[in-house]
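> I have a structure I would like to understand better, so I am pasting it below and will then ask my questions one at a time.
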4 protein chains.
Amino acid sequence: MGDRIEVAVLGATGSVGQRFVQLLDGHPWFRVAELVGSERSAGQRYGDVCDWRISAAPPAEVADIRVQHYEEPVRSSVVFSALPGGIAGQVEASLAAQGKRVFTNARDTRMQPDVPLMIPEVNPDHAAAIRAQRERRGWKDGFIVANPNCSTIHLVLALKPIWDAFGIEQAIVTTLQAASGAGYPGVPSMDLIDNVVPFIGGEEEKIETETRKLLGDYGPDGFRYADITLSATCTRVPVRDGHTEAVSLKLRRAASVDDVVEVLANFRGRPQELSLPSAPTRPVVVRTEADRPQPVLDRNVERGMASIVGRVRACNVFDVRFVVLGHNTIRGAAGASILNAELLRVEGYLD
Amino acid sequence: MGDRIEVAVLGATGSVGQRFVQLLDGHPWFRVAELVGSERSAGQRYGDVCDWRISAAPPAEVADIRVQHYEEPVRSSVVFSALPGGIAGQVEASLAAQGKRVFTNARDTRMQPDVPLMIPEVNPDHAAAIRAQRERRGWKDGFIVANPNCSTIHLVLALKPIWDAFGIEQAIVTTLQAASGAGYPGVPSMDLIDNVVPFIGGEEEKIETETRKLLGDYGPDGFRYADITLSATCTRVPVRDGHTEAVSLKLRRAASVDDVVEVLANFRGRPQELSLPSAPTRPVVVRTEADRPQPVLDRNVERGMASIVGRVRACNVFDVRFVVLGHNTIRGAAGASILNAELLRVEGYLD
Amino acid sequence: MGDRIEVAVLGATGSVGQRFVQLLDGHPWFRVAELVGSERSAGQRYGDVCDWRISAAPPAEVADIRVQHYEEPVRSSVVFSALPGGIAGQVEASLAAQGKRVFTNARDTRMQPDVPLMIPEVNPDHAAAIRAQRERRGWKDGFIVANPNCSTIHLVLALKPIWDAFGIEQAIVTTLQAASGAGYPGVPSMDLIDNVVPFIGGEEEKIETETRKLLGDYGPDGFRYADITLSATCTRVPVRDGHTEAVSLKLRRAASVDDVVEVLANFRGRPQELSLPSAPTRPVVVRTEADRPQPVLDRNVERGMASIVGRVRACNVFDVRFVVLGHNTIRGAAGASILNAELLRVEGYLD
Amino acid sequence: MGDRIEVAVLGATGSVGQRFVQLLDGHPWFRVAELVGSERSAGQRYGDVCDWRISAAPPAEVADIRVQHYEEPVRSSVVFSALPGGIAGQVEASLAAQGKRVFTNARDTRMQPDVPLMIPEVNPDHAAAIRAQRERRGWKDGFIVANPNCSTIHLVLALKPIWDAFGIEQAIVTTLQAASGAGYPGVPSMDLIDNVVPFIGGEEEKIETETRKLLGDYGPDGFRYADITLSATCTRVPVRDGHTEAVSLKLRRAASVDDVVEVLANFRGRPQELSLPSAPTRPVVVRTEADRPQPVLDRNVERGMASIVGRVRACNVFDVRFVVLGHNTIRGAAGASILNAELLRVEGYLD
């Protein structure tokens with residue numbers, strides 16, 4: 001694996017940063033060469049300064065890397081960003097201006113008019129916006145590609161095959177989100193022992209707007225948002241990993257429950273055609289048992305890269321309703337960025 | 001309190017039965033005189049046989065009562081039933097035939113065409129169905145009055161003032177229900193540590209049908225169900241007590257968020273007019289903080305007898321959405337039956 | 001209750017501060033007149049600035065009090081301190097120097113040689129150290145009285161009757177402590193969902209040293225620590241309130257299990273003799289069931305002011321072993337300070 | 001892998017049975033050929049009848065196997081038993097009499113005077129008891145080998161190197177055990193949401209007695225129990241998998257904390273010498289951080305086959321204390337039986 005592309009991980013000691021490091025361990029195309037952190041960690045050995053919380057210890061290969069500071073120059077041509085929203089936008093733009101290919105999990109640039117917000121199975125053609133982005137910003141080699149919010153991505157993976165087959169006019173969604181979505185330390189345990197918090201700041205708006213960009217078109221005039229109206233209520237529940245979402249859909253064309261199950265189960269996209277290293281065999285897995293999906297049982301299906309749909313049934317009010325679950329820090333965050341990078345490598349954007 | 005009406009509690013050792021015993025302890029109008037159980041407990045002292053799980057120990061006043069068997073005659077004229085669904089219907093009918101006034105929490109009779117399904121603040125006039133019930137069944141003094149399912153009751157308390165003021169055409173509801181709703185032993189801990197179960201057998205249908213009876217009319221031709229369509233998805237979350245529900249409503253007449261908050265906050269019903277002993281001062285309590293209601297903070301407001309509404313906001317898809325929370329074994333079960341009994345006593349049905 | 005003594009609560013917006021406010025609500029002898037906080041909250045209405053987390057909302061009586069800053073003068077003659085360790089010592093000494101009677105829950109002064117560390121049932125005579133404290137520090141009316149750490153207090157309430165009756169040479173203790181012991185935000189939920197943290201900084205040392213002061217004597221030469229050796233291992237478990245402790249004791253004199261149960265169950269102290277307002281009827285409650293005490297069932301016994309002991313049995317290695325549980329923010333913190341103040345009022349120290 | 005030994009799993013649909021099936025999936029020496037269950041499941045496809053709770057679905061290779069009834073003849077020569085205690089003893093003896101080599105996780109035979117209770121790293125020589133067992137019972141090829149209780153095994157893995165190096169006179173242990181140890185449905189969620197149960201029936205006695213057999217000798221006169229006294233208190237905490245144990249030891253010979261750490265970290269046994277397929281590289285892993293081991297971080301170290309020790313420090317009362325954690329259904333149950341079978345295969349007992 002000597003020819004792997006060297007990559008830098010920004011925000012490497014945080015919760016999503018750790019997930020990047022874990023998922024890139026042994027990756028056939030990418031090799032973690034640089035770990036970038038804040039003052040707190042810069043200059044120290046990653047294995048010492050990172051409070052690793054995914055398993056017993058970080059991969060041996062990266063434990064010895066010295067964490068570098070944001071202001072130090074980045075050598076790698078590919079950058080994965082797990083920076084917090086608010087800070088990310090500026091740092092990422094500066095790196096892209098230096099020619100870096102930035103794959104970001106941060107919210108800052110997702111809705112910018114020249115940034116592709118991508119899920120490879122859903123809108124791989126949005127990569128074309130990179131050209132306009134470079135032109136508009138005067139960047140030569142660099143670019144920024146974003147992936148959606150952790151709840152949005154699993155919702156949209158489930159919506160996409162239905163959208164293509166039957167059209168969707170309206171969607172009402174309630175999420176039951178895992179604690180890891182808030183990072184570490186994140187949500188106090190006093191808020192999640194014997195409790196639910198029925199609010200997550202900014203989350204509902206993300207679902208309601210990002211979905212429209214993802215299901216929309218990209219053309220000469222830029223992004224045209226999809227004509228779908230969404231309403232989301234987001235709650236935090238005492239679960240470590242795995243967001244659960246209850247969804248009701250008003251379709252544009254009639255479809256039976258069996259029709260919907262069929263398009264969901266048969267859904268395949270570019271990552272599957274291209275057999276990308278991180279691609280799930282099935283991006284959407286349909287369960288037919290009455291009580292699935294469940295976080296502890298289903299969040300790691302397809303190594304956390306699939307969205308699991310269950311309880312597909314007719315909706316009294318709309319047309320169809322179901323429950324979708326997905327791993328929020330794998331497919332919902334770091335894995336999403338990595339799959340974007342894999343797609344763009346195959347399509348020549350990393351050359 | 002020497003003139004209190006003697007009451008019997010059926011299913012007294014179970015989870016809802018214990019709640020009846022607790023709420024009736026020191027009640028000004030009712031006194032627990034008989035505790036009825038199954039073979040397992042019959043003949044034994046309640047304090048010995050009941051695995052009391054509400055607090056450290058059952059009220060001293062009842063601990064010495066000998067649990068009697070279902071087949072033994074009941075002396076008390078008022079019966080509170082916490083019998084499990086499936087068994088309840090037959091036992092309760094037999095007691096009503098013997099002249100007992102039965103207030104049941106079980107599902108069996110709720111949708112029967114001559115049984116009032118009541119929430120005193122919502123449809124106190126449905127008590128009039130008792131006359132038809134007696135005639136039809138040939139009962140002289142006895143009757144059966146049911147209260148709704150634990151999720152339905154808090155939903156309908158929040159819907160009622162909106163229904164009256166603006167009309168409701170459609171409702172989409174997702175519940176996050178507490179473990180105590182399944183009784184004891186109920187849900188295995190392996191299903192609720194780090195997990196959500198997105199299904200509760202029969203629960204969605206109950207919400208979708210009981211609501212229509214509760215908001216409907218009772219007249220010479222019997223019950224006329226309300227013209228409202230509901231879609232419910234019910235999930236179980238790692239919470240002891242307190243069901244949380246995310247609700248989106250399509251109204252019949254335009255209303256601002258402020259209008260909705262106002263009718264919710266000002267809602268009062270017969271129990272408040274009559275100052276019934278178990279009546280909450282405010283049946284619906286509105287919270288305006290971004291992250292309320294929450295089970296641990298709000299479930300015991302108004303001694304567990306209120307429904308707490310928060311996050312009232314405009315819905316992109318429908319008109320208004322909010323989150324409602326309520327204690328599922330107090331107002332959602334035993335307390336509901338007791339409030340029904342208090343209302344009917346004042347209205348002369350227990351004489 | 002017009003003649004109640006006015007008191008100030010320091011650190012009033014924090015977790016223990018809130019508990020002081022709650023427990024003092026309606027107190028027959030004390031009235032919360034001043035709430036003291038940091039820059040963040042000073043100048044604002046308590047009801048607005050305090051993120052109240054005990055119940056739905058703070059008592060109406062205090063919600064309107066304007067939080068004052070540490071540097072503003074305190075008018076009340078009695079001060080309850082919920083200040084964090086590290087800060088508390090200096091602030092409290094300054095107030096005592098101004099003549100305030102300070103009852104502190106902080107760790108800073110507990111082991112100081114002229115500060116009584118008190119549990120009213122255990123060592124009420126230690127109050128005599130106040131005279132030496134005043135002399136040594138040149139204080140006229142003011143003083144500082146501390147209560148022990150939340151784990152220590154329940155352990156020592158269980159040890160005291162055994163200590164008196166049979167002597168104790170050695171104790172090995174493992175604690176399973178609730179999240180509220182770390183305040184708010186405190187322990188991240190990612191540390192307590194499906195997890196145990198087998199370490200709490202400084203806690204083991206507190207148990208091992210405070211116990212010796214509490215069970216020791218106070219005489220002309222100051223405090224003489226008790227001749228007992230303790231070893232503690234402290235863990236954090238996914239519980240909101242209520243510390244559980246497994247204890248094994250080597251006694252100095254032979255005692256049967258029944259002997260131990262008897263002295264525990266019959267234990268009464270000065271607060272019980274004096275019928276102090278916050279005193280539990282029984283400071284130690286013994287449960288004989290196989291699986292008690294349990295936090296959810298037993299932590300609120302005696303309004304959270306008792307220590308609940310169960311599983312008293314012979315120890316293969318030592319002499320006797322048992323499990324003790326107690327509410328960590330009531331008897332383990334704010335309630336402990338209040339009971340100290342009640343005792344000292346009766347004994348004339350507040351005049 | 002055509003020459004793999006065919007094995008049968010008894011109690012295959014239960015919690016430990018599932019773990020056997022999972023761990024044997026792809027095993028180089030053993031192949032699951034038969035799955036044995038009760039009336040409820042017999043005759044049905046394993047994939048249909050087993051409520052698989054380890055991951056999303058059982059291994060494809062076994063899903064199609066028809067579950068056979070206990071009374072049907074078993075063809076495989078090796079049997080792994082996950083039968084419940086009480087039932088196991090008789091069924092296993094009957095199979096051994098038919099020539100089967102039975103590796104059991106059940107409690108029934110563990111303390112029988114001719115049954116080796118084995119941990120391959122601790123007492124591999126106890127296998128010699130098989131000869132006496134066969135003679136005494138008149139069995140030709142069959143035998144029963146037991147593995148210890150899930151808490152005992154991790155305790156003893158940590159005790160063994162200390163026992164060998166310094167001797168151990170006394171041990172006091174408090175366990176914090178995971179819910180999966182009680183199987184499924186097992187512990188009700190109402191017992192483990194915001195709660196601890198300080199009692200597990202029979203568990204303390206198992207730790208106190210099994211340890212003495214494991215650390216003891218086997219010779220011509222049979223088993224001689226080790227001269228060590230133990231006291232255990234067992235509690236159940238809200239954790240899915242991974243038992244945590246706080247241990248204090250009185251040693252026979254002086255040892256520093258460093259000495260103890262060294263013997264723990266360097267501990268290797270027969271499975272490591274033989275590189276058995278399921279053997280952990282290090283049977284005991286020592287962590288030096290202040291707050292480890294923790295269930296979510298450490299239970300899967302060495303694929304769940306190691307015991308993780310942390311917080312090794314001097315004990316005020318005894319000599320040394322530490323915390324040990326291990327996966328209770330892998331090394332603590334099914335993995336323990338499989339490792340026993342691997343050892344005995346290499347030593348010729350399966351020929």
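Letters A, B, ... mark the chains of the structure tokens in the order given; residue numbers begin at 1 per chain; ligand numbers begin at 1, in order shown.
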With a distance threshold of 8 Å and counting only C-alpha atoms, extract the residues of chain B near chain C and express them as number ranges by chain.

B: 53-56, 193-194, 296-298, 300-301

> Applying 10 Å and only C-alpha atoms, which residues near range 88-102 of chain D remain after dropping the ones on its own chain fewer than 5 positions away? List them as a VMD selection string.

chain D and resid 7 to 11 70 to 71 73 to 83 107 to 110 134 137 to 146 337 341 344 349 to 350

> Identify, on the basis of only C-alpha atoms, every residue whose closest approach to Val196 in chain D does not exceed 12 Å; exclude the query and any residue fewer than 2 positions from it along the same chain; express the result as a JSON list (two decimals) with N, CA, C and O atoms, in the first residue's frame.


```json
[["chain", "number", "residue", "atom", "x", "y", "z"],
["C", 175, "THR", "N", -17.75, 1.84, 46.15],
["C", 175, "THR", "CA", -18.94, 2.66, 45.93],
["C", 175, "THR", "C", -19.40, 2.57, 44.48],
["C", 175, "THR", "O", -18.60, 2.42, 43.56],
["C", 176, "LEU", "N", -20.72, 2.70, 44.28],
["C", 176, "LEU", "CA", -21.33, 2.82, 42.95],
["C", 176, "LEU", "C", -22.08, 4.14, 43.00],
["C", 176, "LEU", "O", -23.22, 4.20, 43.47],
["C", 177, "GLN", "N", -21.46, 5.20, 42.49],
["C", 177, "GLN", "CA", -21.97, 6.54, 42.75],
["C", 177, "GLN", "C", -22.78, 7.10, 41.58],
["C", 177, "GLN", "O", -22.51, 6.83, 40.42],
["C", 178, "ALA", "N", -23.75, 7.91, 41.97],
["C", 178, "ALA", "CA", -24.67, 8.50, 41.00],
["C", 178, "ALA", "C", -24.04, 9.68, 40.28],
["C", 178, "ALA", "O", -23.14, 10.35, 40.79],
["C", 196, "VAL", "N", -19.48, 2.02, 32.98],
["C", 196, "VAL", "CA", -19.11, 2.32, 34.35],
["C", 196, "VAL", "C", -17.75, 2.99, 34.29],
["C", 196, "VAL", "O", -16.90, 2.59, 33.51],
["C", 236, "ARG", "N", -18.33, 5.26, 39.18],
["C", 236, "ARG", "CA", -19.50, 6.04, 38.77],
["C", 236, "ARG", "C", -20.37, 5.13, 37.90],
["C", 236, "ARG", "O", -19.87, 4.51, 36.96],
["C", 237, "VAL", "N", -21.65, 5.08, 38.22],
["C", 237, "VAL", "CA", -22.57, 4.21, 37.48],
["C", 237, "VAL", "C", -23.74, 5.03, 36.91],
["C", 237, "VAL", "O", -23.98, 6.16, 37.36],
["C", 238, "PRO", "N", -24.44, 4.48, 35.93],
["C", 238, "PRO", "CA", -25.53, 5.22, 35.27],
["C", 238, "PRO", "C", -26.78, 5.34, 36.14],
["C", 238, "PRO", "O", -27.82, 4.75, 35.83],
["C", 239, "VAL", "N", -26.68, 6.11, 37.19],
["C", 239, "VAL", "CA", -27.78, 6.35, 38.12],
["C", 239, "VAL", "C", -27.84, 7.85, 38.33],
["C", 239, "VAL", "O", -26.79, 8.50, 38.38],
["C", 240, "ARG", "N", -29.04, 8.44, 38.43],
["C", 240, "ARG", "CA", -29.15, 9.89, 38.64],
["C", 240, "ARG", "C", -28.75, 10.27, 40.06],
["C", 240, "ARG", "O", -27.90, 11.09, 40.27],
["C", 241, "ASP", "N", -29.45, 9.69, 41.03],
["C", 241, "ASP", "CA", -29.25, 10.05, 42.43],
["C", 241, "ASP", "C", -29.17, 8.79, 43.27],
["C", 241, "ASP", "O", -29.90, 7.83, 43.02],
["C", 242, "GLY", "N", -28.33, 8.83, 44.27],
["C", 242, "GLY", "CA", -28.25, 7.70, 45.21],
["C", 242, "GLY", "C", -26.96, 6.94, 45.05],
["C", 242, "GLY", "O", -26.75, 6.28, 44.06],
["C", 243, "HIS", "N", -26.10, 7.05, 46.06],
["C", 243, "HIS", "CA", -24.85, 6.30, 46.06],
["C", 243, "HIS", "C", -25.07, 4.96, 46.77],
["C", 243, "HIS", "O", -25.64, 4.92, 47.86],
["C", 244, "THR", "N", -24.58, 3.90, 46.16],
["C", 244, "THR", "CA", -24.64, 2.56, 46.74],
["C", 244, "THR", "C", -23.22, 2.17, 47.16],
["C", 244, "THR", "O", -22.28, 2.44, 46.40],
["C", 245, "GLU", "N", -23.06, 1.56, 48.34],
["C", 245, "GLU", "CA", -21.73, 1.20, 48.80],
["C", 245, "GLU", "C", -21.73, -0.21, 49.37],
["C", 245, "GLU", "O", -22.57, -0.53, 50.20],
["C", 246, "ALA", "N", -20.80, -1.02, 48.89],
["C", 246, "ALA", "CA", -20.63, -2.37, 49.43],
["C", 246, "ALA", "C", -19.50, -2.31, 50.46],
["C", 246, "ALA", "O", -18.40, -1.87, 50.15],
["C", 291, "ASP", "N", -32.64, -8.17, 47.89],
["C", 291, "ASP", "CA", -32.12, -7.33, 46.80],
["C", 291, "ASP", "C", -32.25, -5.83, 47.06],
["C", 291, "ASP", "O", -32.35, -5.04, 46.14],
["C", 292, "ARG", "N", -32.23, -5.45, 48.29],
["C", 292, "ARG", "CA", -32.32, -4.03, 48.65],
["C", 292, "ARG", "C", -31.09, -3.63, 49.43],
["C", 292, "ARG", "O", -30.44, -4.50, 50.00],
["C", 293, "PRO", "N", -30.73, -2.34, 49.49],
["C", 293, "PRO", "CA", -31.44, -1.18, 48.96],
["C", 293, "PRO", "C", -31.15, -0.98, 47.48],
["C", 293, "PRO", "O", -30.13, -1.40, 46.96],
["C", 294, "GLN", "N", -32.07, -0.29, 46.80],
["C", 294, "GLN", "CA", -31.90, 0.08, 45.40],
["C", 294, "GLN", "C", -32.16, 1.58, 45.27],
["C", 294, "GLN", "O", -33.12, 2.10, 45.84],
["C", 295, "PRO", "N", -31.35, 2.24, 44.43],
["C", 295, "PRO", "CA", -31.51, 3.70, 44.31],
["C", 295, "PRO", "C", -32.93, 4.17, 44.00],
["C", 295, "PRO", "O", -33.48, 5.02, 44.72],
["C", 296, "VAL", "N", -33.57, 3.63, 42.95],
["C", 296, "VAL", "CA", -34.89, 4.17, 42.61],
["C", 296, "VAL", "C", -35.94, 3.93, 43.67],
["C", 296, "VAL", "O", -36.90, 4.68, 43.79],
["C", 297, "LEU", "N", -35.80, 2.87, 44.43],
["C", 297, "LEU", "CA", -36.81, 2.56, 45.43],
["C", 297, "LEU", "C", -36.53, 3.23, 46.77],
["C", 297, "LEU", "O", -37.45, 3.64, 47.45],
["C", 298, "ASP", "N", -35.27, 3.33, 47.14],
["C", 298, "ASP", "CA", -34.96, 3.67, 48.52],
["C", 298, "ASP", "C", -34.32, 5.04, 48.75],
["C", 298, "ASP", "O", -34.22, 5.48, 49.89],
["C", 299, "ARG", "N", -33.92, 5.73, 47.70],
["C", 299, "ARG", "CA", -33.16, 6.96, 47.95],
["C", 299, "ARG", "C", -34.00, 8.07, 48.58],
["C", 299, "ARG", "O", -33.45, 8.99, 49.18],
["C", 323, "VAL", "N", -24.64, -3.63, 52.39],
["C", 323, "VAL", "CA", -24.74, -2.61, 51.35],
["C", 323, "VAL", "C", -25.47, -1.42, 51.96],
["C", 323, "VAL", "O", -26.50, -1.60, 52.62],
["C", 325, "LEU", "N", -27.04, 2.54, 51.11],
["C", 325, "LEU", "CA", -27.41, 3.47, 50.04],
["C", 325, "LEU", "C", -27.95, 4.75, 50.65],
["C", 325, "LEU", "O", -28.63, 4.71, 51.68],
["D", 175, "THR", "N", -18.57, -6.88, 42.63],
["D", 175, "THR", "CA", -18.75, -6.89, 41.18],
["D", 175, "THR", "C", -19.84, -5.91, 40.76],
["D", 175, "THR", "O", -20.80, -5.66, 41.50],
["D", 176, "LEU", "N", -19.67, -5.35, 39.55],
["D", 176, "LEU", "CA", -20.67, -4.52, 38.90],
["D", 176, "LEU", "C", -20.97, -5.22, 37.58],
["D", 176, "LEU", "O", -20.25, -5.04, 36.60],
["D", 177, "GLN", "N", -22.02, -6.02, 37.54],
["D", 177, "GLN", "CA", -22.20, -6.95, 36.45],
["D", 177, "GLN", "C", -23.20, -6.45, 35.40],
["D", 177, "GLN", "O", -24.16, -5.75, 35.71],
["D", 178, "ALA", "N", -22.93, -6.86, 34.17],
["D", 178, "ALA", "CA", -23.73, -6.43, 33.03],
["D", 178, "ALA", "C", -25.03, -7.22, 32.93],
["D", 178, "ALA", "O", -25.13, -8.35, 33.40],
["D", 179, "ALA", "N", -26.00, -6.61, 32.28],
["D", 179, "ALA", "CA", -27.32, -7.22, 32.12],
["D", 179, "ALA", "C", -27.29, -8.52, 31.33],
["D", 179, "ALA", "O", -28.06, -9.44, 31.60],
["D", 187, "VAL", "N", -33.01, -9.35, 33.09],
["D", 187, "VAL", "CA", -33.37, -8.28, 34.03],
["D", 187, "VAL", "C", -34.35, -7.30, 33.40],
["D", 187, "VAL", "O", -34.09, -6.77, 32.33],
["D", 188, "PRO", "N", -35.49, -7.03, 34.06],
["D", 188, "PRO", "CA", -36.43, -6.02, 33.54],
["D", 188, "PRO", "C", -35.78, -4.64, 33.44],
["D", 188, "PRO", "O", -34.97, -4.28, 34.31],
["D", 189, "SER", "N", -36.16, -3.90, 32.41],
["D", 189, "SER", "CA", -35.56, -2.57, 32.28],
["D", 189, "SER", "C", -35.95, -1.66, 33.45],
["D", 189, "SER", "O", -35.19, -0.77, 33.81],
["D", 190, "MET", "N", -37.11, -1.90, 34.06],
["D", 190, "MET", "CA", -37.48, -1.09, 35.22],
["D", 190, "MET", "C", -36.51, -1.29, 36.39],
["D", 190, "MET", "O", -36.45, -0.48, 37.30],
["D", 191, "ASP", "N", -35.76, -2.37, 36.37],
["D", 191, "ASP", "CA", -34.75, -2.59, 37.42],
["D", 191, "ASP", "C", -33.41, -1.95, 37.08],
["D", 191, "ASP", "O", -32.53, -1.88, 37.95],
["D", 192, "LEU", "N", -33.21, -1.53, 35.84],
["D", 192, "LEU", "CA", -31.88, -1.04, 35.48],
["D", 192, "LEU", "C", -31.88, 0.34, 34.82],
["D", 192, "LEU", "O", -30.84, 0.81, 34.39],
["D", 193, "ILE", "N", -33.02, 1.00, 34.71],
["D", 193, "ILE", "CA", -33.00, 2.39, 34.30],
["D", 193, "ILE", "C", -32.84, 3.21, 35.58],
["D", 193, "ILE", "O", -33.68, 3.09, 36.48],
["D", 194, "ASP", "N", -31.76, 3.97, 35.67],
["D", 194, "ASP", "CA", -31.52, 4.81, 36.85],
["D", 194, "ASP", "C", -31.46, 3.98, 38.13],
["D", 194, "ASP", "O", -31.93, 4.38, 39.18],
["D", 198, "PRO", "N", -28.40, -4.61, 44.04],
["D", 198, "PRO", "CA", -27.21, -5.06, 44.77],
["D", 198, "PRO", "C", -27.23, -6.54, 45.12],
["D", 198, "PRO", "O", -26.83, -6.91, 46.23],
["D", 199, "PHE", "N", -27.71, -7.36, 44.23],
["D", 199, "PHE", "CA", -27.83, -8.79, 44.54],
["D", 199, "PHE", "C", -28.02, -9.57, 43.24],
["D", 199, "PHE", "O", -28.79, -9.16, 42.37],
["D", 200, "ILE", "N", -27.31, -10.70, 43.14],
["D", 200, "ILE", "CA", -27.51, -11.63, 42.02],
["D", 200, "ILE", "C", -27.51, -13.03, 42.64],
["D", 200, "ILE", "O", -26.49, -13.46, 43.20],
["D", 234, "CYS", "N", -22.12, -9.04, 44.88],
["D", 234, "CYS", "CA", -22.40, -8.94, 43.45],
["D", 234, "CYS", "C", -23.56, -8.00, 43.18],
["D", 234, "CYS", "O", -24.64, -8.17, 43.77],
["D", 235, "THR", "N", -23.36, -7.06, 42.28],
["D", 235, "THR", "CA", -24.41, -6.10, 41.94],
["D", 235, "THR", "C", -24.62, -6.10, 40.43],
["D", 235, "THR", "O", -23.73, -6.45, 39.67],
["D", 236, "ARG", "N", -25.82, -5.70, 40.04],
["D", 236, "ARG", "CA", -26.16, -5.59, 38.62],
["D", 236, "ARG", "C", -26.26, -4.11, 38.29],
["D", 236, "ARG", "O", -26.95, -3.35, 38.99],
["D", 237, "VAL", "N", -25.60, -3.68, 37.23],
["D", 237, "VAL", "CA", -25.60, -2.27, 36.83],
["D", 237, "VAL", "C", -26.09, -2.13, 35.38],
["D", 237, "VAL", "O", -26.09, -3.09, 34.62],
["D", 238, "PRO", "N", -26.48, -0.92, 35.01],
["D", 238, "PRO", "CA", -27.04, -0.69, 33.65],
["D", 238, "PRO", "C", -25.97, -0.69, 32.56],
["D", 238, "PRO", "O", -25.67, 0.33, 31.96],
["D", 239, "VAL", "N", -25.43, -1.85, 32.31],
["D", 239, "VAL", "CA", -24.40, -2.05, 31.28],
["D", 239, "VAL", "C", -24.82, -3.28, 30.48],
["D", 239, "VAL", "O", -25.36, -4.22, 31.06]]
```

> Running DSSP on the backbone, which parts of range 42-259 of chain B land in strand (DSSP E or B), as an MDAnalysis selection string?

chainID B and resid 45 66 68:69 78:81 101:104 117 143:146 168:177 188 197 217:219 222:224 229:236 243:251

> Please produce a file of those selected residues containing C-alpha atoms, as a short mmCIF file (atom, residue, chain, number, x, y, z; two decimals), in the first residue's frame.


```
data_model
loop_
_atom_site.label_atom_id
_atom_site.label_comp_id
_atom_site.auth_asym_id
_atom_site.auth_seq_id
_atom_site.Cartn_x
_atom_site.Cartn_y
_atom_site.Cartn_z
CA ARG B 45 -51.19 -10.01 52.83
CA ARG B 66 -55.60 -9.75 52.44
CA GLN B 68 -58.78 -11.67 47.46
CA HIS B 69 -59.26 -13.86 44.41
CA VAL B 78 -66.85 1.09 43.09
CA VAL B 79 -64.19 -0.92 41.29
CA PHE B 80 -60.97 0.31 39.73
CA SER B 81 -59.61 -2.15 37.22
CA ARG B 101 -69.43 0.86 39.03
CA VAL B 102 -66.31 -0.15 37.14
CA PHE B 103 -63.64 2.32 36.11
CA THR B 104 -61.23 0.50 33.88
CA LEU B 117 -64.27 6.35 26.89
CA PHE B 143 -71.68 0.30 34.55
CA ILE B 144 -68.28 0.37 32.89
CA VAL B 145 -66.43 3.58 32.13
CA ALA B 146 -63.06 3.36 30.41
CA ILE B 168 -58.00 19.62 13.34
CA GLU B 169 -58.04 17.73 10.08
CA GLN B 170 -54.93 15.59 10.34
CA ALA B 171 -52.33 14.66 12.94
CA ILE B 172 -49.03 12.85 12.65
CA VAL B 173 -47.59 11.65 15.94
CA THR B 174 -44.37 9.94 16.98
CA THR B 175 -44.18 8.73 20.57
CA LEU B 176 -41.13 8.07 22.74
CA GLN B 177 -42.63 5.92 25.46
CA PRO B 188 -36.05 -6.55 29.06
CA VAL B 197 -37.38 -0.24 20.12
CA ASP B 217 -69.95 13.33 20.05
CA TYR B 218 -72.39 11.25 21.98
CA GLY B 219 -76.01 11.58 21.01
CA GLY B 222 -74.62 6.70 20.10
CA PHE B 223 -71.04 7.76 19.54
CA ARG B 224 -70.12 9.66 16.41
CA THR B 229 -57.23 11.35 10.60
CA LEU B 230 -54.23 10.30 12.68
CA SER B 231 -51.01 8.49 11.96
CA ALA B 232 -48.91 7.28 14.89
CA THR B 233 -45.48 5.70 15.18
CA CYS B 234 -44.76 4.40 18.67
CA THR B 235 -41.29 3.77 20.07
CA ARG B 236 -39.95 2.64 23.42
CA HIS B 243 -44.29 9.46 27.46
CA THR B 244 -43.02 12.13 25.06
CA GLU B 245 -44.90 12.73 21.79
CA ALA B 246 -43.94 14.83 18.76
CA VAL B 247 -47.11 16.06 17.07
CA SER B 248 -47.81 17.86 13.77
CA LEU B 249 -51.32 19.15 13.08
CA LYS B 250 -53.22 20.28 10.04
CA LEU B 251 -55.88 22.69 11.29
#
```
